[in-house]
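Novice: Here's a structure for you.
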Amino acid sequence: MTSPEHRIALVTGATSGIGLAVARLLASQQYRVFIGARTPEAVAATVKDLRGQGGQVAGAPVDVRSDEDVSGFVGAAVDQFGTIDVLVNNAGRSGGGVTADIPTELWLDVIETNLNSVFRVSREVLNAGGMRSKQQGRIINIASTAGKQGVVLGAPYSASKHGVVGFTKALGNELAPTGITVNAVCPGYVETPMAQRVRQGYAGAYDTTEAEVFAKFVAKIPLGRYSTPEEVAGLVGYLASDQAASITSQALNVCGGLGNF
Ligand SMILES: NC(=O)c1ccc[n+]([C@@H]2O[C@H](COP(=O)([O-])OP(=O)(O)OC[C@H]3O[C@@H](n4cnc5c(N)ncnc54)[C@H](OP(=O)(O)O)[C@@H]3O)[C@@H](O)[C@H]2O)c1
C-alpha cells in the first residue's frame, strides 16, 4: 500500500468511545481520516479537536442505517480526500432486555445499526469509495465478544454481532485473492459512554446498583479491569498496517481474557 500519510481512513461512530480513539490513533499515524456519526455538532467538534492535535481530519454527519446517508457520506469522503484505503465500521448501539418482551422496533433497530450497516457501508466503500478497483485496502469491523458467545438479556445485540463476525469471515474469504483484508475486532468490556448505558440497563433489569453491576462484570474479566478504547484502537491500527497483510477473515478479541475463543 501507499505510505500512511497518503492513506485515507473512514471511521464511523467516531465521535465517542472506541471510534474516537481509532480516529485519533490513525490521525496521529498520518492517515487522512474522514469521520461520521449522526450528531452534526459532535462531528464538527471532533473534527476540530483532532485537527487541533495536528490530524488531517474531516467529517460529515451520517446515519449508517440509511442507504442515502451512507452514499452521501462516502461521496463526501472521496471528494475531500480521495478513494478509501481503510474502512473502520465502528458505529453501533447496545440493546436488549427480556427477549420475550423485546419490541419488534428495538430488535430491528439493533440489527439495522450493528449489522446491516456493516454491509451497507462496506459495499459503498468497495464501489463509490474505490477500494474494489484499487484491489487493496482494509475493512475492519468492530464486533464484540458478544459476537462469539451469547449474552444474557442481549439477544439482539449478540445476534447482530455474531452476524458481523459471519459477514467478516465470508467477505474476507471472498476478497482474499485481492489485496483487501477484512477482519473483526471483538472488544469485551471497554469503558465508554455505551458501557455506562449498558451498566444502567442491567442495574434496572436486576434491580441493583450500577456499582454492583460494574463489580460483577469486572469479576468475570481475568485481567481484572475493563479494556480501554485506546487498547482496542491499537489492534485496529495494526490490522490497518502493511504488516497485517496476511491476516484476513479473523475475529480477534481485545478483552482482558474474557473471551477464550
Ligand atoms: N464499549 C464496549 O464495552 C463495547 C464492547 C464490545 C463492542 N463494542 C462496540 O464498539 C463500537 C463502539 O462502541 P462504543 O462503546 O465506543 O460506543 P459509544 O461511546 O456509544 O459511541 C458510539 C458512536 O457511534 C455513533 N453512532 C451510533 N449510532 C449511529 C448510527 N446509526 N449512525 C452513525 N453513527 C452512529 C455515535 O454517535 P451518534 O449517537 O451521534 O450517532 C458514537 O459516535 C460499537 O459497535 C459497539 O457495539 C463496544
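In the C-alpha cells, chains take letters A, B, ... by order of appearance, with residues numbered from 1 within each chain and ligands from 1 in the order shown.
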Please list as JSON, numbers by chain every residue within 10 Å of stretch 36-47 of chain A, counting only C-alpha atoms and excluding residues in the same chain fewer than 4 positions away.

Specialist: {"A": [10, 11, 12, 13, 14, 15, 16, 19, 20, 23, 24, 51, 52, 53, 55, 56, 57, 58, 59, 60, 61, 62, 63, 64, 69, 70, 73, 74, 77, 90, 91]}

Novice: Include C-alpha atoms and write out the residues we just selected as a compact mmCIF listing (two decimals), in the first residue's frame.

Specialist:
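Generated output (result.txt):
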```txt
# COMPACT_ATOMS: atom_id res chain seq x y z
CA LEU A 10 -13.07 6.25 7.03
CA VAL A 11 -14.32 5.71 10.59
CA THR A 12 -18.00 5.51 11.51
CA GLY A 13 -19.20 6.37 15.00
CA ALA A 14 -16.00 8.33 15.58
CA THR A 15 -17.30 10.99 17.98
CA SER A 16 -17.19 8.82 21.10
CA GLY A 19 -14.37 5.12 17.25
CA LEU A 20 -12.92 8.34 18.61
CA ALA A 23 -9.76 8.16 14.59
CA ARG A 24 -7.26 9.78 16.95
CA ARG A 51 -7.25 18.93 13.80
CA GLY A 52 -6.10 20.81 16.87
CA GLN A 53 -3.94 17.79 17.67
CA GLY A 55 -4.52 15.50 12.37
CA GLN A 56 -5.69 15.77 8.78
CA VAL A 57 -9.32 15.10 9.65
CA ALA A 58 -12.67 15.94 8.09
CA GLY A 59 -16.13 14.53 8.55
CA ALA A 60 -19.83 14.65 7.89
CA PRO A 61 -22.99 13.57 9.67
CA VAL A 62 -24.20 10.10 8.71
CA ASP A 63 -26.80 7.65 9.90
CA VAL A 64 -25.43 4.23 8.96
CA ASP A 69 -26.87 8.90 4.05
CA VAL A 70 -24.11 6.36 3.54
CA PHE A 73 -21.05 10.21 3.37
CA VAL A 74 -18.70 8.07 1.29
CA ALA A 77 -15.03 11.48 1.91
CA ASN A 90 -17.48 1.03 14.32
CA ALA A 91 -20.89 2.72 14.71
```

Novice: For the structure I just gave you, how does DSSP split stretch 63-252 of chain A - specifically, which residues are strand (DSSP E)? Reply as a count of residues only.

Specialist: 22

Novice: Would you list the contacts of A:Pro193 as a list in words, taking every protein, DNA or RNA residue within 9 Å and counting only C-alpha atoms, but skipping same-chain residues closer than 4 positions in sequence?

Specialist: Ser16, Gly17, Arg197 and Val198 of chain A

Novice: Once you have the residues from the selection above, write them out as a PDB file, in the first residue's frame, restricted to C-alpha atoms.

Specialist:
```pdb
ATOM      1  CA  SER A  16     -17.192   8.823  21.100  1.00  0.00           C
ATOM      2  CA  GLY A  17     -15.508   5.872  22.763  1.00  0.00           C
ATOM      3  CA  ARG A 197     -25.525   2.867  29.412  1.00  0.00           C
ATOM      4  CA  VAL A 198     -25.188  -0.924  29.450  1.00  0.00           C
TER       5      VAL A 198
END
```

Novice: Near A:Arg123, counting only C-alpha atoms, which residues have an atom at most 12 Å away, once you skip same-chain residues fewer than 3 positions from it, shown as a ChimeraX atom specification?

Specialist: /A:67,70-71,74,87,89,116-120,126-132,139,167,171

Novice: Limited to N, CA and C atoms, could you put the picked residues into a file as a PDB file, in the first residue's frame?

Specialist:
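Saved the output as again22.pdb:
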```pdb
ATOM      1  N   ASP A  67     -29.264   4.046   3.418  1.00  0.00           N
ATOM      2  CA  ASP A  67     -28.502   3.934   2.163  1.00  0.00           C
ATOM      3  C   ASP A  67     -28.126   5.316   1.638  1.00  0.00           C
ATOM      4  N   VAL A  70     -25.422   7.008   3.705  1.00  0.00           N
ATOM      5  CA  VAL A  70     -24.113   6.359   3.539  1.00  0.00           C
ATOM      6  C   VAL A  70     -23.521   6.718   2.180  1.00  0.00           C
ATOM      7  N   SER A  71     -24.367   6.783   1.162  1.00  0.00           N
ATOM      8  CA  SER A  71     -23.894   7.164  -0.160  1.00  0.00           C
ATOM      9  C   SER A  71     -23.319   8.589  -0.136  1.00  0.00           C
ATOM     10  N   VAL A  74     -19.889   8.605   1.990  1.00  0.00           N
ATOM     11  CA  VAL A  74     -18.701   8.073   1.291  1.00  0.00           C
ATOM     12  C   VAL A  74     -18.316   9.009   0.149  1.00  0.00           C
ATOM     13  N   LEU A  87     -11.364   1.157   5.943  1.00  0.00           N
ATOM     14  CA  LEU A  87     -12.721   1.404   6.475  1.00  0.00           C
ATOM     15  C   LEU A  87     -12.814   0.770   7.852  1.00  0.00           C
ATOM     16  N   ASN A  89     -15.687   0.042  10.380  1.00  0.00           N
ATOM     17  CA  ASN A  89     -17.126   0.010  10.686  1.00  0.00           C
ATOM     18  C   ASN A  89     -17.272  -0.120  12.195  1.00  0.00           C
ATOM     19  N   ASN A 116     -26.690  -4.579   9.481  1.00  0.00           N
ATOM     20  CA  ASN A 116     -26.977  -4.177   8.097  1.00  0.00           C
ATOM     21  C   ASN A 116     -26.082  -3.016   7.672  1.00  0.00           C
ATOM     22  N   SER A 117     -25.753  -2.155   8.625  1.00  0.00           N
ATOM     23  CA  SER A 117     -24.886  -1.010   8.326  1.00  0.00           C
ATOM     24  C   SER A 117     -23.504  -1.453   7.852  1.00  0.00           C
ATOM     25  N   VAL A 118     -23.016  -2.559   8.404  1.00  0.00           N
ATOM     26  CA  VAL A 118     -21.657  -3.010   8.060  1.00  0.00           C
ATOM     27  C   VAL A 118     -21.626  -3.458   6.592  1.00  0.00           C
ATOM     28  N   PHE A 119     -22.668  -4.156   6.170  1.00  0.00           N
ATOM     29  CA  PHE A 119     -22.799  -4.495   4.745  1.00  0.00           C
ATOM     30  C   PHE A 119     -22.924  -3.222   3.910  1.00  0.00           C
ATOM     31  N   ARG A 120     -23.818  -2.324   4.360  1.00  0.00           N
ATOM     32  CA  ARG A 120     -24.137  -1.129   3.568  1.00  0.00           C
ATOM     33  C   ARG A 120     -22.902  -0.251   3.350  1.00  0.00           C
ATOM     34  N   LEU A 126     -16.467  -0.194  -1.161  1.00  0.00           N
ATOM     35  CA  LEU A 126     -15.893  -1.017  -2.228  1.00  0.00           C
ATOM     36  C   LEU A 126     -16.192  -0.400  -3.596  1.00  0.00           C
ATOM     37  N   ASN A 127     -17.389   0.149  -3.761  1.00  0.00           N
ATOM     38  CA  ASN A 127     -17.778   0.709  -5.067  1.00  0.00           C
ATOM     39  C   ASN A 127     -17.413   2.191  -5.167  1.00  0.00           C
ATOM     40  N   ALA A 128     -18.277   3.069  -4.647  1.00  0.00           N
ATOM     41  CA  ALA A 128     -18.031   4.512  -4.776  1.00  0.00           C
ATOM     42  C   ALA A 128     -16.747   4.938  -4.062  1.00  0.00           C
ATOM     43  N   GLY A 129     -16.378   4.213  -3.011  1.00  0.00           N
ATOM     44  CA  GLY A 129     -15.154   4.553  -2.277  1.00  0.00           C
ATOM     45  C   GLY A 129     -13.889   4.092  -2.968  1.00  0.00           C
ATOM     46  N   GLY A 130     -14.039   3.298  -4.045  1.00  0.00           N
ATOM     47  CA  GLY A 130     -12.898   2.959  -4.887  1.00  0.00           C
ATOM     48  C   GLY A 130     -12.046   1.791  -4.435  1.00  0.00           C
ATOM     49  N   MET A 131     -12.380   1.160  -3.311  1.00  0.00           N
ATOM     50  CA  MET A 131     -11.495   0.113  -2.793  1.00  0.00           C
ATOM     51  C   MET A 131     -11.465  -1.104  -3.724  1.00  0.00           C
ATOM     52  N   ARG A 132     -12.618  -1.400  -4.320  1.00  0.00           N
ATOM     53  CA  ARG A 132     -12.713  -2.573  -5.191  1.00  0.00           C
ATOM     54  C   ARG A 132     -11.785  -2.429  -6.399  1.00  0.00           C
ATOM     55  N   ILE A 139     -10.730  -3.577   5.572  1.00  0.00           N
ATOM     56  CA  ILE A 139     -12.047  -3.364   6.182  1.00  0.00           C
ATOM     57  C   ILE A 139     -11.972  -3.972   7.578  1.00  0.00           C
ATOM     58  N   PHE A 167     -20.270 -12.134   8.572  1.00  0.00           N
ATOM     59  CA  PHE A 167     -20.062 -11.291   7.384  1.00  0.00           C
ATOM     60  C   PHE A 167     -18.570 -11.094   7.138  1.00  0.00           C
ATOM     61  N   LEU A 171     -16.801 -12.211   3.689  1.00  0.00           N
ATOM     62  CA  LEU A 171     -16.230 -11.196   2.801  1.00  0.00           C
ATOM     63  C   LEU A 171     -14.706 -11.315   2.768  1.00  0.00           C
TER      64      LEU A 171
END
```

Novice: Which one is closest to ligand 1: A:Phe214, A:Phe81, A:Tyr226, A:Tyr202? Count only C-alpha atoms and all ligand atoms.

Specialist: A:Tyr226

Novice: Hey, which of A:Ala170, A:Ala159, A:Val182, A:Ala195 ends up closest to ligand 1? Count only C-alpha atoms and all ligand atoms.

Specialist: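 Looking only at the distances to ligand 1, the closest residue turns out to be A:Ala195.
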
Novice: Choose the residue, out of A:Tyr157, A:Tyr206, A:Tyr31, A:Phe217, that has the smallest atom-to-atom separation from A:Val110; count only C-alpha atoms.

Specialist: A:Tyr157

Novice: Can you list, as a PyMOL selection string, all residues belonging to stretch 110-204 of chain A that DSSP tags as helix (DSSP H, G or I)?

Specialist: chain A and resi 110-126+131-134+145-147+155-175+193-204

Novice: Would you mind listing what lies within 12 Å of A:Ala100 as a PyMOL selection string, with only C-alpha atoms counted and same-chain residues fewer than 2 positions away left out?

Specialist: chain A and resi 96-98+102-104+107+153-156

Novice: Once you count only C-alpha atoms, what closest atom pair and distance in Å to one decimal does each residue of stretch 49-118 of chain A within 12 Å of stretch 237-247 of chain A have, with rows by chain and rising residue number, as CSV?

Specialist:
```
residue,atom,partner,partner_atom,distance
A:Asp85,CA,A:Ala240,CA,8.9
A:Val86,CA,A:Ala240,CA,6.6
A:Leu87,CA,A:Ala240,CA,9.0
A:Val88,CA,A:Ala240,CA,9.3
```

Novice: For the residues in the current selection, export C-alpha atoms as a compact mmCIF listing (two decimals), in the first residue's frame.

Specialist:
```txt
# COMPACT_ATOMS: atom_id res chain seq x y z
CA ASP A 85 -7.84 2.69 1.88
CA VAL A 86 -9.10 1.76 5.34
CA LEU A 87 -12.72 1.40 6.48
CA VAL A 88 -13.48 1.02 10.17
```
